[in-house]
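Colleague: I'm passing along target.csv; it holds CSV, C-alpha atoms.
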```csv
chain,number,residue,atom,x,y,z
A,278,MET,CA,-2.5,14.5,-0.3
A,279,SER,CA,0.0,16.9,1.3
A,280,LEU,CA,-2.1,19.9,0.4
A,281,ALA,CA,-5.3,18.3,2.0
A,282,ILE,CA,-3.5,17.4,5.2
A,283,GLU,CA,-1.9,20.9,5.6
A,284,ALA,CA,-5.3,22.6,4.8
A,285,ALA,CA,-7.2,20.5,7.4
A,286,ARG,CA,-4.6,21.1,10.0
A,287,GLU,CA,-4.4,24.9,9.3
A,288,ASN,CA,-8.1,25.4,9.6
A,289,PRO,CA,-10.0,22.5,11.3
A,290,GLN,CA,-13.3,24.3,10.5
A,291,ALA,CA,-12.8,24.1,6.7
A,292,LYS,CA,-14.4,21.3,4.8
A,293,VAL,CA,-11.5,19.7,2.8
A,294,GLU,CA,-12.3,17.2,0.1
A,295,ILE,CA,-10.2,15.2,-2.4
A,296,ILE,CA,-11.7,14.5,-5.8
A,297,GLU,CA,-9.8,11.5,-7.3
A,298,LYS,CA,-10.1,10.1,-10.8
A,299,ASN,CA,-8.6,6.8,-9.8
A,300,SER,CA,-10.0,4.1,-7.5
A,301,SER,CA,-7.4,4.9,-4.8
A,302,LEU,CA,-4.9,7.6,-3.7
A,303,GLY,CA,-1.3,7.7,-4.8
A,304,LYS,CA,-1.5,5.3,-7.7
A,305,LYS,CA,1.4,6.9,-9.5
A,306,LEU,CA,3.3,7.3,-6.3
A,307,LEU,CA,3.3,3.5,-5.9
A,308,ALA,CA,5.3,3.1,-9.1
A,309,THR,CA,8.1,5.5,-8.3
A,310,GLY,CA,11.6,4.4,-7.6
A,311,ASN,CA,10.9,0.9,-8.9
A,312,GLY,CA,8.4,0.5,-6.0
A,313,LYS,CA,10.8,1.8,-3.4
A,314,CYS,CA,9.6,5.5,-3.8
A,315,ASN,CA,12.4,8.0,-4.0
A,316,ILE,CA,10.3,10.3,-1.9
A,317,SER,CA,12.6,13.4,-1.9
A,318,ASN,CA,16.2,14.6,-1.8
A,319,ILE,CA,18.1,16.1,1.1
A,320,ASN,CA,19.3,18.8,-1.3
A,321,GLY,CA,15.8,19.8,-2.3
A,322,GLU,CA,14.3,23.3,-1.7
A,323,ASP,CA,13.1,23.8,1.9
A,324,ILE,CA,13.7,20.1,2.7
A,325,ALA,CA,13.1,20.9,6.4
A,326,SER,CA,9.4,21.6,5.9
A,327,VAL,CA,8.9,18.4,3.9
A,328,LEU,CA,10.8,16.3,6.5
A,329,LEU,CA,8.6,17.8,9.2
A,330,LEU,CA,5.5,16.7,7.2
A,331,PHE,CA,6.9,13.1,6.9
A,332,GLU,CA,7.7,13.0,10.6
A,333,SER,CA,4.2,14.3,11.5
A,334,ILE,CA,2.5,11.4,9.7
A,335,GLY,CA,4.8,8.7,11.1
A,336,LEU,CA,7.0,8.1,8.1
A,337,MET,CA,10.6,7.0,8.8
A,338,ILE,CA,13.1,8.1,6.2
A,339,ARG,CA,16.3,6.5,4.9
A,340,LYS,CA,19.0,8.6,3.1
A,341,GLU,CA,21.0,7.0,0.3
A,342,ASP,CA,23.5,8.0,-2.3
A,343,GLU,CA,23.4,11.6,-3.7
A,344,GLY,CA,21.0,12.7,-1.0
A,345,ARG,CA,18.1,10.5,-2.2
A,346,LEU,CA,15.5,9.9,0.4
A,347,TYR,CA,13.3,6.7,0.7
A,348,PRO,CA,10.8,5.4,3.2
A,349,TYR,CA,12.9,3.2,5.6
A,350,SER,CA,10.8,0.2,4.6
A,351,GLU,CA,11.8,0.8,1.0
A,352,GLN,CA,8.1,0.3,0.1
A,353,ALA,CA,6.2,3.0,-1.8
A,354,SER,CA,3.0,1.5,-0.2
A,355,SER,CA,4.3,2.7,3.2
A,356,VAL,CA,4.2,6.3,2.0
A,357,VAL,CA,0.7,6.1,0.6
A,358,GLU,CA,-0.6,4.3,3.7
A,359,ALA,CA,1.0,7.0,6.0
A,360,PHE,CA,-0.7,9.8,4.1
A,361,GLU,CA,-4.0,7.9,4.0
A,362,ARG,CA,-4.0,7.3,7.7
A,363,GLU,CA,-3.6,11.0,8.4
A,364,ILE,CA,-6.2,12.0,5.8
A,365,ASP,CA,-8.7,9.7,7.5
A,366,ARG,CA,-7.7,10.9,11.0
A,367,LEU,CA,-8.4,14.5,9.9
A,368,GLY,CA,-11.8,13.6,8.5
A,369,ILE,CA,-10.9,14.6,4.9
A,370,LYS,CA,-13.5,13.4,2.5
A,371,LYS,CA,-12.3,11.3,-0.5
A,372,ARG,CA,-14.3,10.8,-3.7
A,373,PHE,CA,-12.9,8.0,-5.8
A,374,ASN,CA,-13.6,7.1,-9.4
A,375,THR,CA,-14.8,10.7,-9.9
A,376,GLU,CA,-13.7,12.4,-13.1
A,377,VAL,CA,-14.0,16.1,-13.5
A,378,GLU,CA,-15.4,17.3,-16.8
A,379,ARG,CA,-14.7,21.0,-16.4
A,380,ILE,CA,-14.4,23.8,-13.8
A,381,GLU,CA,-16.4,27.0,-14.0
A,382,LYS,CA,-15.7,30.2,-12.0
A,383,SER,CA,-18.8,31.5,-10.2
A,384,LYS,CA,-19.4,34.7,-8.3
A,385,ASN,CA,-18.5,33.2,-4.9
A,386,GLY,CA,-16.3,30.2,-5.8
A,387,PHE,CA,-16.1,27.4,-8.3
A,388,GLU,CA,-18.5,24.9,-9.8
A,389,ILE,CA,-16.8,21.5,-10.4
A,390,ILE,CA,-18.8,19.7,-13.1
A,391,LEU,CA,-18.4,16.0,-13.0
A,392,LYS,CA,-18.5,13.6,-15.9
A,393,LYS,CA,-21.2,11.7,-14.0
A,394,GLY,CA,-23.5,14.7,-14.5
A,395,SER,CA,-23.6,16.1,-11.0
A,396,SER,CA,-21.5,19.1,-9.7
A,397,ILE,CA,-19.7,20.2,-6.6
A,398,PHE,CA,-19.4,23.8,-5.3
A,399,ALA,CA,-16.2,24.9,-3.7
A,400,ASP,CA,-15.1,28.2,-2.2
A,401,ARG,CA,-11.6,27.5,-3.3
A,402,ILE,CA,-10.0,24.8,-5.4
A,403,ALA,CA,-6.5,23.3,-6.0
A,404,VAL,CA,-5.7,21.6,-9.3
A,405,THR,CA,-3.0,19.0,-8.6
A,406,THR,CA,-3.8,16.5,-11.4
A,407,GLY,CA,-0.2,15.9,-12.5
A,408,GLY,CA,1.1,16.2,-16.1
A,409,LYS,CA,0.8,13.8,-19.1
A,410,SER,CA,3.6,11.4,-18.2
A,411,ALA,CA,2.7,7.8,-17.4
A,412,PRO,CA,-1.0,8.1,-18.5
A,413,GLN,CA,-1.5,4.5,-17.4
A,414,PHE,CA,-1.7,5.8,-13.9
A,415,GLY,CA,-4.4,8.3,-14.8
A,416,THR,CA,-2.3,11.4,-15.6
A,417,THR,CA,-3.7,12.3,-19.0
A,418,GLY,CA,-3.3,16.1,-19.0
A,419,ASP,CA,-6.8,17.0,-17.7
A,420,GLY,CA,-5.5,19.7,-15.5
A,421,TYR,CA,-4.1,21.7,-18.4
A,422,ARG,CA,-7.6,21.9,-19.9
A,423,PHE,CA,-9.0,23.1,-16.6
A,424,ALA,CA,-6.3,25.7,-16.2
A,425,LYS,CA,-6.6,27.0,-19.8
A,426,SER,CA,-10.4,27.3,-19.5
A,427,LEU,CA,-9.8,29.6,-16.5
A,428,GLY,CA,-7.5,31.9,-18.4
A,429,HIS,CA,-4.0,30.4,-17.7
A,430,SER,CA,-1.2,29.9,-20.3
A,431,ILE,CA,0.2,26.5,-20.8
A,432,THR,CA,3.9,26.3,-21.9
A,433,LYS,CA,5.0,23.7,-24.5
A,434,LEU,CA,4.5,20.2,-23.2
A,435,ALA,CA,6.9,17.3,-23.8
A,436,PRO,CA,7.8,14.0,-22.1
A,437,THR,CA,11.0,14.1,-20.1
A,438,LEU,CA,13.2,11.9,-17.8
A,439,MET,CA,12.8,9.1,-20.3
A,440,PRO,CA,14.8,6.5,-22.2
A,441,VAL,CA,16.0,7.6,-25.6
A,442,ILE,CA,15.9,5.8,-28.9
A,443,CYS,CA,19.1,5.7,-30.8
A,444,GLU,CA,20.2,4.7,-34.3
A,445,GLY,CA,21.7,1.2,-34.6
A,446,GLU,CA,21.0,-2.4,-33.6
A,447,PHE,CA,21.0,-3.2,-29.8
A,448,GLU,CA,19.7,-6.7,-29.7
A,449,SER,CA,23.1,-8.1,-28.6
A,450,ILE,CA,23.5,-5.8,-25.6
A,451,LYS,CA,19.9,-5.2,-24.5
A,452,GLY,CA,19.8,-5.6,-20.7
A,453,VAL,CA,23.5,-4.8,-20.2
A,454,ARG,CA,24.4,-2.2,-17.6
A,455,ALA,CA,27.7,-0.3,-17.5
A,456,LYS,CA,29.1,2.6,-15.4
A,457,GLY,CA,30.7,5.6,-17.0
A,458,THR,CA,29.9,9.1,-18.2
A,459,SER,CA,27.3,10.2,-20.7
A,460,THR,CA,27.7,13.4,-22.6
A,461,LEU,CA,24.8,15.0,-24.6
A,462,LEU,CA,25.8,16.9,-27.7
A,463,LYS,CA,23.7,19.1,-30.0
A,464,LYS,CA,25.1,19.5,-33.5
A,465,GLY,CA,28.4,18.3,-32.1
A,466,ASN,CA,28.6,20.8,-29.2
A,467,PRO,CA,28.5,19.4,-25.7
A,468,LEU,CA,25.5,20.5,-23.6
A,469,ALA,CA,25.9,18.4,-20.4
A,470,ILE,CA,27.6,15.4,-18.8
A,471,GLU,CA,26.2,12.9,-16.4
A,472,LYS,CA,28.0,10.2,-14.4
A,473,GLY,CA,26.4,6.9,-13.4
A,474,GLU,CA,25.0,3.7,-14.7
A,475,ILE,CA,24.0,3.4,-18.3
A,476,GLN,CA,21.5,0.8,-19.4
A,477,PHE,CA,21.2,-0.6,-22.9
A,478,THR,CA,17.7,-1.5,-24.1
A,479,ASP,CA,16.4,-3.0,-27.4
A,480,HIS,CA,15.9,0.6,-28.7
A,481,GLY,CA,18.8,2.5,-27.3
A,482,LEU,CA,19.8,3.9,-23.9
A,483,SER,CA,18.3,4.2,-20.5
A,484,GLY,CA,19.3,4.8,-16.8
A,485,ILE,CA,19.3,7.8,-14.5
A,486,CYS,CA,22.1,9.7,-16.3
A,487,ILE,CA,20.3,9.2,-19.6
A,488,PHE,CA,17.0,10.4,-18.1
A,489,ASN,CA,18.7,13.6,-16.8
A,490,LEU,CA,20.2,14.3,-20.2
A,491,SER,CA,16.8,13.8,-21.9
A,492,ARG,CA,15.6,16.9,-20.1
A,493,LEU,CA,17.9,19.0,-22.3
A,494,ILE,CA,16.6,17.6,-25.6
A,495,LYS,CA,14.3,20.3,-27.0
A,496,ILE,CA,12.6,20.0,-30.4
A,497,GLU,CA,12.4,23.4,-32.0
A,498,ASP,CA,8.9,24.6,-33.1
A,499,GLY,CA,8.1,23.7,-36.7
A,500,MET,CA,10.7,21.0,-36.9
A,501,LYS,CA,9.8,17.3,-37.5
A,502,LEU,CA,10.3,15.2,-34.5
A,503,GLU,CA,12.8,12.8,-36.1
A,504,ASP,CA,14.8,15.7,-37.5
A,505,GLY,CA,14.8,17.5,-34.2
A,506,PHE,CA,16.0,14.5,-32.3
A,507,ARG,CA,18.8,13.7,-34.9
A,508,GLY,CA,20.5,17.0,-34.0
A,509,TYR,CA,21.5,15.3,-30.7
A,510,SER,CA,24.0,12.6,-30.0
A,511,ILE,CA,25.1,10.9,-26.8
A,512,VAL,CA,28.8,9.9,-26.2
A,513,LEU,CA,29.6,7.2,-23.6
A,514,ASP,CA,33.0,7.0,-21.8
A,515,PHE,CA,33.3,3.7,-20.0
A,516,VAL,CA,36.7,4.5,-18.4
A,517,PRO,CA,36.5,8.2,-17.5
A,518,GLU,CA,39.4,7.8,-15.0
A,519,THR,CA,42.0,7.3,-17.7
A,520,SER,CA,43.1,8.9,-21.0
A,521,VAL,CA,43.0,7.4,-24.5
A,522,SER,CA,46.8,7.1,-24.5
A,523,MET,CA,46.9,5.4,-21.1
A,524,LEU,CA,44.2,2.9,-22.2
A,525,THR,CA,46.1,2.2,-25.4
A,526,ASP,CA,49.3,1.5,-23.4
A,527,TYR,CA,47.3,-0.9,-21.2
A,528,LEU,CA,45.8,-2.8,-24.1
A,529,LEU,CA,49.2,-3.1,-25.8
A,530,GLN,CA,50.6,-4.6,-22.6
A,531,LYS,CA,47.6,-6.9,-22.4
A,532,GLN,CA,48.2,-7.9,-26.0
A,533,LYS,CA,51.7,-9.3,-25.1
A,534,LYS,CA,50.1,-11.5,-22.4
A,535,MET,CA,47.5,-13.1,-24.6
A,536,PRO,CA,48.8,-13.1,-28.2
A,537,ASP,CA,47.0,-16.2,-29.3
A,538,GLU,CA,43.5,-15.3,-28.0
A,539,LYS,CA,40.6,-14.2,-30.2
A,540,GLU,CA,40.9,-10.5,-30.9
A,541,SER,CA,37.7,-9.4,-29.1
A,542,VAL,CA,39.0,-10.8,-25.8
A,543,ILE,CA,41.2,-7.7,-25.6
A,544,LEU,CA,38.4,-5.7,-24.0
A,545,GLN,CA,37.1,-8.3,-21.6
A,546,SER,CA,37.5,-7.5,-17.9
A,547,ILE,CA,37.3,-3.8,-19.0
A,548,LEU,CA,33.7,-4.1,-20.3
A,549,ASN,CA,30.9,-6.6,-19.9
A,550,ASN,CA,31.6,-9.4,-22.3
A,551,LYS,CA,28.6,-8.7,-24.5
A,552,LEU,CA,29.4,-5.0,-24.5
A,553,ALA,CA,33.1,-5.8,-25.2
A,554,CYS,CA,32.1,-7.6,-28.4
A,555,PHE,CA,29.7,-4.8,-29.4
A,556,VAL,CA,32.3,-2.1,-28.9
A,557,TYR,CA,35.0,-4.1,-30.7
A,558,GLU,CA,32.7,-4.5,-33.7
A,559,ARG,CA,31.8,-0.8,-33.7
A,560,SER,CA,35.5,0.1,-33.7
A,561,LEU,CA,37.1,-2.6,-35.9
A,562,SER,CA,35.3,-5.0,-38.3
A,563,ARG,CA,35.9,-8.5,-36.9
A,564,LYS,CA,38.2,-10.6,-39.0
A,565,ASP,CA,38.6,-13.6,-36.6
A,566,ARG,CA,42.2,-12.6,-36.0
A,567,LYS,CA,44.4,-13.3,-33.0
A,568,VAL,CA,45.0,-10.6,-30.4
A,569,SER,CA,48.6,-10.4,-31.6
A,570,GLU,CA,47.4,-9.3,-35.1
A,571,ILE,CA,45.8,-6.0,-33.8
A,572,THR,CA,48.0,-3.1,-35.0
A,573,VAL,CA,49.0,-0.1,-32.9
A,574,PRO,CA,46.7,2.3,-34.9
A,575,GLU,CA,43.8,-0.2,-34.4
A,576,MET,CA,44.5,-0.3,-30.7
A,577,GLU,CA,44.4,3.4,-30.5
A,578,LYS,CA,41.1,3.5,-32.4
A,579,LEU,CA,39.7,0.8,-30.1
A,580,SER,CA,40.7,2.9,-27.0
A,581,GLN,CA,39.0,6.0,-28.6
A,582,THR,CA,35.8,4.0,-29.1
A,583,VAL,CA,35.8,2.8,-25.4
A,584,LYS,CA,36.3,6.4,-24.4
A,585,ALA,CA,33.8,7.9,-26.9
A,586,LEU,CA,31.2,5.4,-28.1
A,587,THR,CA,28.7,7.7,-29.9
A,588,PHE,CA,25.0,7.2,-30.6
A,589,THR,CA,22.8,9.4,-32.8
A,590,VAL,CA,19.5,10.1,-31.0
A,591,THR,CA,16.4,9.4,-33.2
A,592,GLY,CA,13.6,9.7,-30.6
A,593,GLY,CA,12.3,9.4,-27.0
A,594,LYS,CA,10.2,6.7,-25.5
A,595,GLY,CA,7.3,9.1,-25.1
A,596,TRP,CA,4.6,9.7,-22.5
A,597,LYS,CA,4.1,6.2,-21.3
A,598,GLU,CA,7.7,5.7,-20.2
A,599,ALA,CA,8.5,9.3,-19.2
A,600,GLN,CA,8.8,10.0,-15.5
A,601,CYS,CA,7.9,13.7,-15.8
A,602,THR,CA,6.3,16.4,-18.0
A,603,SER,CA,8.3,19.3,-19.3
A,604,GLY,CA,6.1,22.5,-19.5
A,605,GLY,CA,2.8,23.2,-17.9
A,606,VAL,CA,0.9,26.1,-16.3
A,607,ALA,CA,3.2,29.1,-16.6
A,608,SER,CA,4.9,29.7,-13.2
A,609,GLU,CA,4.8,33.5,-13.7
A,610,GLU,CA,1.0,33.3,-13.5
A,611,ILE,CA,1.2,31.7,-10.1
A,612,ASN,CA,2.3,33.2,-6.7
A,613,MET,CA,4.9,30.6,-6.0
A,614,ASN,CA,5.0,31.5,-2.3
A,615,THR,CA,1.3,30.7,-1.8
A,616,MET,CA,0.6,28.6,-5.0
A,617,GLU,CA,-2.4,30.8,-5.7
A,618,SER,CA,-3.2,31.9,-9.3
A,619,LYS,CA,-2.4,35.5,-10.0
A,620,LEU,CA,-5.3,35.5,-12.5
A,621,VAL,CA,-8.1,33.8,-10.6
A,622,LYS,CA,-8.6,34.4,-6.9
A,623,GLY,CA,-9.2,31.2,-5.0
A,624,LEU,CA,-7.6,29.0,-7.6
A,625,PHE,CA,-4.4,27.1,-6.5
A,626,PHE,CA,-2.0,24.8,-8.3
A,627,GLY,CA,0.6,22.2,-7.2
A,628,GLY,CA,3.0,19.6,-8.5
A,629,GLU,CA,3.7,18.5,-12.0
A,630,ILE,CA,0.9,20.5,-13.6
A,631,ILE,CA,3.1,23.6,-13.1
A,632,ASP,CA,5.9,24.3,-15.6
A,633,TYR,CA,8.7,22.7,-13.5
A,634,ASP,CA,10.7,19.5,-14.1
A,635,GLY,CA,13.7,18.6,-11.9
A,636,PRO,CA,16.4,16.0,-12.4
A,637,CYS,CA,16.1,12.4,-11.1
A,638,GLY,CA,16.7,11.8,-7.5
A,639,GLY,CA,13.5,12.8,-5.7
A,640,TYR,CA,13.4,16.4,-6.8
A,641,ASN,CA,10.1,16.2,-8.6
A,642,LEU,CA,8.3,14.6,-5.7
A,643,GLN,CA,10.0,17.1,-3.3
A,644,ASN,CA,8.5,19.9,-5.5
A,645,ALA,CA,5.1,18.4,-5.2
A,646,TRP,CA,5.2,17.9,-1.4
A,647,LEU,CA,6.4,21.5,-1.0
A,648,ASN,CA,3.8,22.9,-3.3
A,649,GLY,CA,1.2,21.1,-1.3
A,650,ILE,CA,2.4,22.4,2.0
A,651,LYS,CA,2.4,26.0,0.7
A,652,ALA,CA,-1.0,25.8,-0.9
A,653,GLY,CA,-2.5,23.9,2.1
A,654,HIS,CA,-1.5,26.8,4.4
A,655,ASN,CA,-3.0,29.4,2.2
A,656,ILE,CA,-6.0,27.9,0.6
A,657,VAL,CA,-8.0,27.9,3.9
A,658,LYS,CA,-7.0,31.3,5.1
A,659,GLU,CA,-10.0,33.7,5.8
A,660,ILE,CA,-12.5,30.9,5.3
```
How does the structure come out when it is put into structure tokens?

Modeller:
Amino acid sequence: MSLAIEAARENPQAKVEIIEKNSSLGKKLLATGNGKCNISNINGEDIASVLLLFESIGLMIRKEDEGRLYPYSEQASSVVEAFEREIDRLGIKKRFNTEVERIEKSKNGFEIILKKGSSIFADRIAVTTGGKSAPQFGTTGDGYRFAKSLGHSITKLAPTLMPVICEGEFESIKGVRAKGTSTLLKKGNPLAIEKGEIQFTDHGLSGICIFNLSRLIKIEDGMKLEDGFRGYSIVLDFVPETSVSMLTDYLLQKQKKMPDEKESVILQSILNNKLACFVYERSLSRKDRKVSEITVPEMEKLSQTVKALTFTVTGGKGWKEAQCTSGGVASEEINMNTMESKLVKGLFFGGEIIDYDGPCGGYNLQNAWLNGIKAGHNIVKEI
């Protein structure tokens, strides 16, 4: 959408057309940010150009925590509608429910062969079909096939920014949310740490900090998926502001104030009640004792568990729940200033189809808008 608008503005004489597999534009965009649409991030590359585009189509923006940008209405539909209005105003043609079978390079341009049997000729073409994540919205990896047939290399594809599956039983805490830090380890060595909200699901862990860590989980070639995942673990610290010894001292003081309560009560008010029971059972096997019966070494062990609750990763939730695709058309085969292929003149790329995946927070959409702006300016030059 951004590419088409920029192209039509850059050269009003050019005939710009969008070929869309779905029945409407922006179907995947409507699902982003839980329907609020985290449209970009103030810290994104060349944010000024993207904000200028938003302003030009009448889209008012709201800035939230960590630089995240949303439409002021907090409705993803506002974003799609603003782009559609400008597309219609510029007279850009839209073909819906039109699936491309293949693309062939001809002497003077490209022949776009449709699955319906007909074809469209284009002087220049941009492939912005997205990756393979969230295939329920139409992104089933078609663009990789087109790029490969035109001579481009595709780097290893994998779902990313997704919930992870962990070893263990989570039924008692599914739906619980907690704040803290999450550290990803590979074979016991820390790779990265994220701070924020952690969500427990029936299969393991979710939440923005977990999504960001999932980007770093790489399965080595030739290794079985489960074996590859099991090399990673995630450690949760629910009270990062304090040390194990300080937490132990606090719990021992609390013990004196409620000696006759059930033992698991000792973690209540520190953790969600369901999570408190879960952590207690992971640390100390419940014996239906009183709080006063918890020994000092047990209290230290309990504090260590609160500070380092560890889960073995056994898998990821896959393409359907992933927000992004890792891998894609090799960026070294694209002029990233113009988004034109270095291998095929007149062929342009943009968005998730390229080998780029950013963290949560609007960076992936920011990359897509910016790719569109660059490609739009250059795809119609000299036509």

Colleague: Enumerate, in order of chain and increasing residue number, the residues of stretch 404-459 of chain A with an atom no farther than 12 Å from stretch 611-617 of chain A, each with its shortest atom pair and distance in Å to one decimal, counting all atoms listed in the file, as a Markdown table.

Modeller:
```
| residue | atom | partner | partner_atom | distance |
| --- | --- | --- | --- | --- |
| A:Val404 | CA | A:Met616 | CA | 10.4 |
| A:Thr405 | CA | A:Met616 | CA | 10.9 |
| A:Ala424 | CA | A:Ile611 | CA | 11.4 |
| A:His429 | CA | A:Ile611 | CA | 9.3 |
| A:Ser430 | CA | A:Ile611 | CA | 10.6 |
| A:Ile431 | CA | A:Ile611 | CA | 11.9 |
```

Colleague: Which residue is closest to A:Glu361? Choose from A:Ala291, A:Leu307, A:Leu302, A:Ile485 and count all atoms listed in the file.

Modeller: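 When distances to A:Glu361 are compared using all atoms listed in the file, the smallest one comes from A:Leu302.
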
Colleague: Between A:Arg492, A:Arg366, A:Lys384, A:Lys594, which one has atoms that come closest to A:Ala285, using all atoms listed in the file?

Modeller: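 Result for the nearest residue to A:Ala285: A:Arg366.
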
Colleague: Of the residues A:Val356, A:Gly407, A:Ile450, A:Leu391, which is the one nearest to A:Gly628, using only C-alpha atoms?

Modeller: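 Between A:Val356, A:Gly407, A:Ile450, A:Leu391, the residue approaching A:Gly628 most closely is A:Gly407.
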
Colleague: Restricting the calculation to all atoms listed in the file: of A:Ser350, A:Gly386, A:Ile296, A:Glu381, which residue gets closest to A:Ser426?

Modeller: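 Of A:Ser350, A:Gly386, A:Ile296, A:Glu381, the one nearest A:Ser426, counting all atoms listed in the file, is A:Glu381.
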
Colleague: Calculate how many Å separate atom CA of A:Leu336 from atom CA of A:Ser355, rounding to one decimal.

Modeller: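 Computed distance, atom CA of A:Leu336 to atom CA of A:Ser355, equals 7.8 Å.
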
Colleague: Which is closest to A:Thr589 among A:Ser510, A:Ser491, A:Thr572, A:Gln532, if we use all atoms listed in the file?

Modeller: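 Nearest candidate to A:Thr589 out of A:Ser510, A:Ser491, A:Thr572, A:Gln532: A:Ser510.
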
Colleague: Quick one: pull the distance between atom CA of A:Glu598 and atom CA of A:Gly452, Å, one decimal.

Modeller: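 These atoms are spaced 16.6 Å apart.
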
Colleague: Which is closer to A:Leu586 than all the others in A:Trp646, A:Phe373, A:Phe506, A:Phe515, using all atoms listed in the file?

Modeller: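 Closest to A:Leu586, using all atoms listed in the file: A:Phe515.
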
Colleague: Sorted by chain and rising residue number, list the residues of stretch 495-519 of chain A at most 10 Å from stretch 465-473 of chain A (counting all atoms listed in the file), each with its closest atom pair and distance in Å to one decimal, as a tab-separated table.

Modeller:
```
residue	atom	partner	partner_atom	distance
A:Gly508	CA	A:Gly465	CA	8.2
A:Tyr509	CA	A:Gly465	CA	7.7
A:Ser510	CA	A:Gly465	CA	7.5
A:Ile511	CA	A:Pro467	CA	9.2
A:Val512	CA	A:Ile470	CA	9.3
A:Leu513	CA	A:Ile470	CA	9.7
A:Asp514	CA	A:Lys472	CA	9.5
A:Pro517	CA	A:Lys472	CA	9.3
```

Colleague: Give me, as a PyMOL selection string, all polymer residues having an atom no more than 12 Å from A:Leu642, counting only C-alpha atoms and skipping those fewer than 6 positions away in the same chain.

Modeller: chain A and resi 279+303+305-306+309-310+314-318+321-322+324+327+345-347+407+600-601+627-629+633-636+648-649

Colleague: Please report, as CSV, each residue of stretch 387-498 of chain A lying at most 8 Å from stretch 536-555 of chain A, together with the nearest pair of atoms and the separation in Å rounded to one decimal; use all atoms listed in the file, and order rows by chain and ascending residue number.

Modeller:
```
residue,atom,partner,partner_atom,distance
A:Ser449,CA,A:Lys551,CA,6.9
A:Ile450,CA,A:Lys551,CA,6.0
A:Val453,CA,A:Leu552,CA,7.3
A:Ala455,CA,A:Asn549,CA,7.5
```

Colleague: If you measure from atom CA of A:Pro436 to atom CA of A:Thr602, what distance in Å do you get, rounded to one decimal?

Modeller: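 Separation between atom CA of A:Pro436 and atom CA of A:Thr602: 5.0 Å.
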
Colleague: Can you tell me, as a list of chain:residue names, what residues are no more than 12 Å from A:Arg362 when counting only C-alpha atoms, ignoring any on the same chain fewer than 2 positions away?

Modeller: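 Contacts, in chain order: A:Met278, A:Ile282, A:Leu302, A:Ser333, A:Ile334, A:Gly335, A:Leu336, A:Ser355, A:Val356, A:Val357, A:Glu358, A:Ala359, A:Phe360, A:Ile364, A:Asp365, A:Arg366, A:Leu367, A:Gly368, A:Ile369.
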